[in-house]
Amino acid sequence: MDKMELIEKAKEARNLSYSPYSNFAVGAAILCKDGRIFLGANVENASYPLCMCAERNAVYNAYMNGYKKDDFEALALCTDTDEPSSPCGACRQVLSELFPAKAPIYMSAVNGKIVETTIKELLPYAFSEEDLKK
Ligand code: THU
């Protein structure tokens, strides 16, 4: 699967979003090395802090199907914004532990704009298990 096909999956994943409060649908798609794809979309709640982002739902979806960090090849996100949105801080922290540091992350907008980055770029000096060592 190429980059544009993965981005299309992230765009489709927006249809799974439950976002009646923000009306901001986010789609995510993780491509695995064996070709499998796991989708995520944001799922909100009337108790606002309980909202869950698309990126974390996608990566947790993959883990719940037995896939792990080293199995992942790329991640695509999609939002309906003028410029592609980037993952929030909480998602960056989760991705820094569960997604490969240098694998491509394609941040895309429905209008076709794409920005390519990595989690290492998005969250340098991430807190990690190394920091827990005394
Ligand atoms: N959201 C995501 O799904 N991913 C992000 O990285 C940023 C924000 C969602 C959370 C909430 O449902 C909506 O976008 C507005 O913040």
# chains A, B, ... in the order shown; residues from 1 in each chain; ligands from 1
>>> closest_atom_pairs(of="chain A", to="ligand 1", cutoff="7 Å", atoms="only C-alpha atoms and all ligand atoms", output="Markdown table")
| residue | atom | partner | partner_atom_place_in_ligand_line | distance |
| --- | --- | --- | --- | --- |
| A:Ser19 | CA | ligand 1 | 12 (O) | 5.6 |
| A:Ser22 | CA | ligand 1 | 15 (C) | 5.3 |
| A:Phe24 | CA | ligand 1 | 13 (C) | 5.2 |
| A:Ala25 | CA | ligand 1 | 14 (O) | 6.4 |
| A:Val26 | CA | ligand 1 | 3 (O) | 4.9 |
| A:Ala41 | CA | ligand 1 | 3 (O) | 6.3 |
| A:Asn42 | CA | ligand 1 | 3 (O) | 4.3 |
| A:Val43 | CA | ligand 1 | 12 (O) | 5.9 |
| A:Glu44 | CA | ligand 1 | 12 (O) | 5.2 |
| A:Cys51 | CA | ligand 1 | 12 (O) | 5.5 |
| A:Met52 | CA | ligand 1 | 10 (C) | 6.0 |
| A:Cys53 | CA | ligand 1 | 3 (O) | 3.2 |
| A:Ala54 | CA | ligand 1 | 3 (O) | 4.0 |
| A:Glu55 | CA | ligand 1 | 4 (N) | 5.9 |
| A:Ser86 | CA | ligand 1 | 6 (O) | 5.9 |
| A:Pro87 | CA | ligand 1 | 6 (O) | 3.4 |
| A:Cys88 | CA | ligand 1 | 6 (O) | 3.9 |
| A:Cys91 | CA | ligand 1 | 6 (O) | 6.1 |
>>> select_by_dssp(residues="chain A", states="alpha helix (DSSP H)", output="PDB file with N, CA, C and O atoms, in the first residue's frame")
ATOM      1  N   LYS A   3       1.522   5.556   0.149  1.00  0.00           N
ATOM      2  CA  LYS A   3       1.181   6.670   1.041  1.00  0.00           C
ATOM      3  C   LYS A   3      -0.231   7.222   0.796  1.00  0.00           C
ATOM      4  O   LYS A   3      -1.005   7.432   1.729  1.00  0.00           O
ATOM      5  N   MET A   4      -0.581   7.420  -0.484  1.00  0.00           N
ATOM      6  CA  MET A   4      -1.874   8.024  -0.805  1.00  0.00           C
ATOM      7  C   MET A   4      -3.041   7.095  -0.435  1.00  0.00           C
ATOM      8  O   MET A   4      -4.102   7.562  -0.015  1.00  0.00           O
ATOM      9  N   GLU A   5      -2.818   5.795  -0.568  1.00  0.00           N
ATOM     10  CA  GLU A   5      -3.876   4.846  -0.188  1.00  0.00           C
ATOM     11  C   GLU A   5      -4.083   4.849   1.324  1.00  0.00           C
ATOM     12  O   GLU A   5      -5.220   4.771   1.811  1.00  0.00           O
ATOM     13  N   LEU A   6      -2.968   4.955   2.069  1.00  0.00           N
ATOM     14  CA  LEU A   6      -3.085   4.989   3.531  1.00  0.00           C
ATOM     15  C   LEU A   6      -3.800   6.269   3.974  1.00  0.00           C
ATOM     16  O   LEU A   6      -4.659   6.241   4.867  1.00  0.00           O
ATOM     17  N   ILE A   7      -3.472   7.359   3.322  1.00  0.00           N
ATOM     18  CA  ILE A   7      -4.129   8.637   3.638  1.00  0.00           C
ATOM     19  C   ILE A   7      -5.631   8.545   3.336  1.00  0.00           C
ATOM     20  O   ILE A   7      -6.465   9.058   4.079  1.00  0.00           O
ATOM     21  N   GLU A   8      -5.966   7.863   2.277  1.00  0.00           N
ATOM     22  CA  GLU A   8      -7.384   7.663   1.934  1.00  0.00           C
ATOM     23  C   GLU A   8      -8.099   6.864   3.033  1.00  0.00           C
ATOM     24  O   GLU A   8      -9.251   7.150   3.372  1.00  0.00           O
ATOM     25  N   LYS A   9      -7.399   5.894   3.605  1.00  0.00           N
ATOM     26  CA  LYS A   9      -7.983   5.105   4.712  1.00  0.00           C
ATOM     27  C   LYS A   9      -8.233   6.005   5.918  1.00  0.00           C
ATOM     28  O   LYS A   9      -9.256   5.868   6.609  1.00  0.00           O
ATOM     29  N   ALA A  10      -7.286   6.896   6.190  1.00  0.00           N
ATOM     30  CA  ALA A  10      -7.463   7.825   7.322  1.00  0.00           C
ATOM     31  C   ALA A  10      -8.659   8.741   7.075  1.00  0.00           C
ATOM     32  O   ALA A  10      -9.431   9.051   7.986  1.00  0.00           O
ATOM     33  N   LYS A  11      -8.814   9.140   5.814  1.00  0.00           N
ATOM     34  CA  LYS A  11      -9.960   9.992   5.446  1.00  0.00           C
ATOM     35  C   LYS A  11     -11.276   9.230   5.681  1.00  0.00           C
ATOM     36  O   LYS A  11     -12.228   9.767   6.251  1.00  0.00           O
ATOM     37  N   GLU A  12     -11.302   7.968   5.253  1.00  0.00           N
ATOM     38  CA  GLU A  12     -12.502   7.140   5.451  1.00  0.00           C
ATOM     39  C   GLU A  12     -12.799   6.933   6.933  1.00  0.00           C
ATOM     40  O   GLU A  12     -13.953   6.881   7.351  1.00  0.00           O
ATOM     41  N   ALA A  13     -11.720   6.805   7.726  1.00  0.00           N
ATOM     42  CA  ALA A  13     -11.888   6.563   9.166  1.00  0.00           C
ATOM     43  C   ALA A  13     -12.628   7.717   9.837  1.00  0.00           C
ATOM     44  O   ALA A  13     -13.270   7.529  10.880  1.00  0.00           O
ATOM     45  N   ALA A  54      -8.339  10.091  17.784  1.00  0.00           N
ATOM     46  CA  ALA A  54      -8.245   9.115  16.693  1.00  0.00           C
ATOM     47  C   ALA A  54      -6.920   8.349  16.724  1.00  0.00           C
ATOM     48  O   ALA A  54      -6.887   7.129  16.515  1.00  0.00           O
ATOM     49  N   GLU A  55      -5.827   9.067  16.979  1.00  0.00           N
ATOM     50  CA  GLU A  55      -4.497   8.442  16.941  1.00  0.00           C
ATOM     51  C   GLU A  55      -4.376   7.345  17.997  1.00  0.00           C
ATOM     52  O   GLU A  55      -3.866   6.255  17.743  1.00  0.00           O
ATOM     53  N   ARG A  56      -4.835   7.684  19.215  1.00  0.00           N
ATOM     54  CA  ARG A  56      -4.729   6.670  20.283  1.00  0.00           C
ATOM     55  C   ARG A  56      -5.682   5.519  20.014  1.00  0.00           C
ATOM     56  O   ARG A  56      -5.335   4.360  20.241  1.00  0.00           O
ATOM     57  N   ASN A  57      -6.875   5.805  19.504  1.00  0.00           N
ATOM     58  CA  ASN A  57      -7.781   4.691  19.194  1.00  0.00           C
ATOM     59  C   ASN A  57      -7.171   3.777  18.136  1.00  0.00           C
ATOM     60  O   ASN A  57      -7.301   2.555  18.219  1.00  0.00           O
ATOM     61  N   ALA A  58      -6.489   4.355  17.161  1.00  0.00           N
ATOM     62  CA  ALA A  58      -5.874   3.525  16.105  1.00  0.00           C
ATOM     63  C   ALA A  58      -4.764   2.645  16.673  1.00  0.00           C
ATOM     64  O   ALA A  58      -4.695   1.449  16.391  1.00  0.00           O
ATOM     65  N   VAL A  59      -3.897   3.242  17.482  1.00  0.00           N
ATOM     66  CA  VAL A  59      -2.764   2.456  17.985  1.00  0.00           C
ATOM     67  C   VAL A  59      -3.245   1.411  19.004  1.00  0.00           C
ATOM     68  O   VAL A  59      -2.764   0.272  19.011  1.00  0.00           O
ATOM     69  N   TYR A  60      -4.240   1.767  19.804  1.00  0.00           N
ATOM     70  CA  TYR A  60      -4.781   0.774  20.748  1.00  0.00           C
ATOM     71  C   TYR A  60      -5.533  -0.322  19.989  1.00  0.00           C
ATOM     72  O   TYR A  60      -5.495  -1.494  20.378  1.00  0.00           O
ATOM     73  N   ASN A  61      -6.192   0.037  18.924  1.00  0.00           N
ATOM     74  CA  ASN A  61      -6.878  -0.948  18.084  1.00  0.00           C
ATOM     75  C   ASN A  61      -5.854  -1.975  17.569  1.00  0.00           C
ATOM     76  O   ASN A  61      -6.085  -3.188  17.630  1.00  0.00           O
ATOM     77  N   ALA A  62      -4.710  -1.479  17.101  1.00  0.00           N
ATOM     78  CA  ALA A  62      -3.667  -2.384  16.598  1.00  0.00           C
ATOM     79  C   ALA A  62      -3.151  -3.293  17.717  1.00  0.00           C
ATOM     80  O   ALA A  62      -3.012  -4.512  17.533  1.00  0.00           O
ATOM     81  N   TYR A  63      -2.867  -2.708  18.867  1.00  0.00           N
ATOM     82  CA  TYR A  63      -2.363  -3.515  19.991  1.00  0.00           C
ATOM     83  C   TYR A  63      -3.387  -4.567  20.419  1.00  0.00           C
ATOM     84  O   TYR A  63      -3.019  -5.692  20.752  1.00  0.00           O
ATOM     85  N   MET A  64      -4.653  -4.204  20.395  1.00  0.00           N
ATOM     86  CA  MET A  64      -5.699  -5.154  20.800  1.00  0.00           C
ATOM     87  C   MET A  64      -5.857  -6.291  19.801  1.00  0.00           C
ATOM     88  O   MET A  64      -6.499  -7.301  20.082  1.00  0.00           O
ATOM     89  N   GLY A  89      -0.735  16.609  22.380  1.00  0.00           N
ATOM     90  CA  GLY A  89       0.380  16.218  23.255  1.00  0.00           C
ATOM     91  C   GLY A  89       0.219  14.830  23.846  1.00  0.00           C
ATOM     92  O   GLY A  89       1.188  14.061  23.935  1.00  0.00           O
ATOM     93  N   ALA A  90      -1.006  14.502  24.263  1.00  0.00           N
ATOM     94  CA  ALA A  90      -1.234  13.178  24.865  1.00  0.00           C
ATOM     95  C   ALA A  90      -0.955  12.082  23.834  1.00  0.00           C
ATOM     96  O   ALA A  90      -0.323  11.063  24.144  1.00  0.00           O
ATOM     97  N   CYS A  91      -1.416  12.290  22.610  1.00  0.00           N
ATOM     98  CA  CYS A  91      -1.174  11.287  21.557  1.00  0.00           C
ATOM     99  C   CYS A  91       0.314  11.188  21.236  1.00  0.00           C
ATOM    100  O   CYS A  91       0.825  10.090  20.983  1.00  0.00           O
ATOM    101  N   ARG A  92       1.010  12.313  21.261  1.00  0.00           N
ATOM    102  CA  ARG A  92       2.466  12.266  21.004  1.00  0.00           C
ATOM    103  C   ARG A  92       3.157  11.406  22.057  1.00  0.00           C
ATOM    104  O   ARG A  92       4.041  10.606  21.746  1.00  0.00           O
ATOM    105  N   GLN A  93       2.751  11.590  23.315  1.00  0.00           N
ATOM    106  CA  GLN A  93       3.372  10.798  24.381  1.00  0.00           C
ATOM    107  C   GLN A  93       3.100   9.303  24.172  1.00  0.00           C
ATOM    108  O   GLN A  93       3.995   8.476  24.294  1.00  0.00           O
ATOM    109  N   VAL A  94       1.861   8.972  23.863  1.00  0.00           N
ATOM    110  CA  VAL A  94       1.504   7.556  23.649  1.00  0.00           C
ATOM    111  C   VAL A  94       2.245   7.009  22.431  1.00  0.00           C
ATOM    112  O   VAL A  94       2.840   5.919  22.482  1.00  0.00           O
ATOM    113  N   LEU A  95       2.259   7.757  21.343  1.00  0.00           N
ATOM    114  CA  LEU A  95       2.945   7.290  20.134  1.00  0.00           C
ATOM    115  C   LEU A  95       4.446   7.155  20.369  1.00  0.00           C
ATOM    116  O   LEU A  95       5.095   6.270  19.806  1.00  0.00           O
ATOM    117  N   SER A  96       5.012   8.003  21.226  1.00  0.00           N
ATOM    118  CA  SER A  96       6.464   7.923  21.464  1.00  0.00           C
ATOM    119  C   SER A  96       6.843   6.582  22.080  1.00  0.00           C
ATOM    120  O   SER A  96       7.970   6.123  21.927  1.00  0.00           O
ATOM    121  N   GLU A  97       5.904   5.969  22.776  1.00  0.00           N
ATOM    122  CA  GLU A  97       6.188   4.654  23.374  1.00  0.00           C
ATOM    123  C   GLU A  97       5.717   3.494  22.496  1.00  0.00           C
ATOM    124  O   GLU A  97       6.343   2.442  22.471  1.00  0.00           O
ATOM    125  N   LEU A  98       4.631   3.694  21.770  1.00  0.00           N
ATOM    126  CA  LEU A  98       3.995   2.560  21.072  1.00  0.00           C
ATOM    127  C   LEU A  98       4.171   2.551  19.555  1.00  0.00           C
ATOM    128  O   LEU A  98       3.738   1.609  18.893  1.00  0.00           O
ATOM    129  N   ILE A 119       7.378  10.666  14.869  1.00  0.00           N
ATOM    130  CA  ILE A 119       7.090  10.953  16.278  1.00  0.00           C
ATOM    131  C   ILE A 119       8.343  11.511  16.967  1.00  0.00           C
ATOM    132  O   ILE A 119       8.242  12.337  17.877  1.00  0.00           O
ATOM    133  N   LYS A 120       9.508  11.118  16.476  1.00  0.00           N
ATOM    134  CA  LYS A 120      10.755  11.657  17.039  1.00  0.00           C
ATOM    135  C   LYS A 120      10.820  13.174  16.825  1.00  0.00           C
ATOM    136  O   LYS A 120      11.262  13.920  17.709  1.00  0.00           O
ATOM    137  N   GLU A 121      10.344  13.611  15.665  1.00  0.00           N
ATOM    138  CA  GLU A 121      10.311  15.049  15.369  1.00  0.00           C
ATOM    139  C   GLU A 121       9.232  15.766  16.169  1.00  0.00           C
ATOM    140  O   GLU A 121       9.420  16.897  16.617  1.00  0.00           O
ATOM    141  N   LEU A 122       8.088  15.079  16.321  1.00  0.00           N
ATOM    142  CA  LEU A 122       6.957  15.713  17.010  1.00  0.00           C
ATOM    143  C   LEU A 122       7.162  15.803  18.515  1.00  0.00           C
ATOM    144  O   LEU A 122       6.622  16.692  19.164  1.00  0.00           O
TER     145      LEU A 122
END
>>> closest_residue(among="A:Ala126, A:Leu39, A:Ala29, A:Cys78", to="A:Ser108", atoms="only C-alpha atoms")
A:Cys78
>>> select_by_dssp(residues="chain A", states="strand (DSSP E or B)", output="PyMOL selection string")
chain A and resi 18+27-32+37-41+43+52+72-79+105-109+114-117
>>> closest_residue(among="A:Met1, A:Ile30, A:Val115, A:Ala74", to="A:Lys102", atoms="only C-alpha atoms")
A:Ala74
>>> atom_distance(atom1="atom CA of A:Glu116", atom2="atom CA of A:Thr81")
16.0 Å
>>> atom_distance(atom1="atom CA of A:Pro49", atom2="atom CA of A:Asn23")
15.5 Å
>>> residues_around(residues="A:Cys32", least_positions_apart="5", cutoff="10 Å", atoms="only C-alpha atoms", output="list in words")
Met1, Ile37, Phe38, Ala62, Tyr67, Lys68, Lys69, Asp70, Asp71, Phe72, Glu73, Ala74 and Leu75 of chain A
>>> closest_residue(among="A:Asp34, A:Asp131, A:Asp82, A:Asp2", to="A:Gly112", atoms="only C-alpha atoms")
A:Asp82
>>> atom_distance(atom1="atom CA of A:Tyr125", atom2="atom CA of A:Ala28")
24.2 Å
>>> closest_residue(among="A:Ile114, A:Leu16, A:Leu31, A:Ala46", to="A:Pro100", atoms="only C-alpha atoms")
A:Leu31
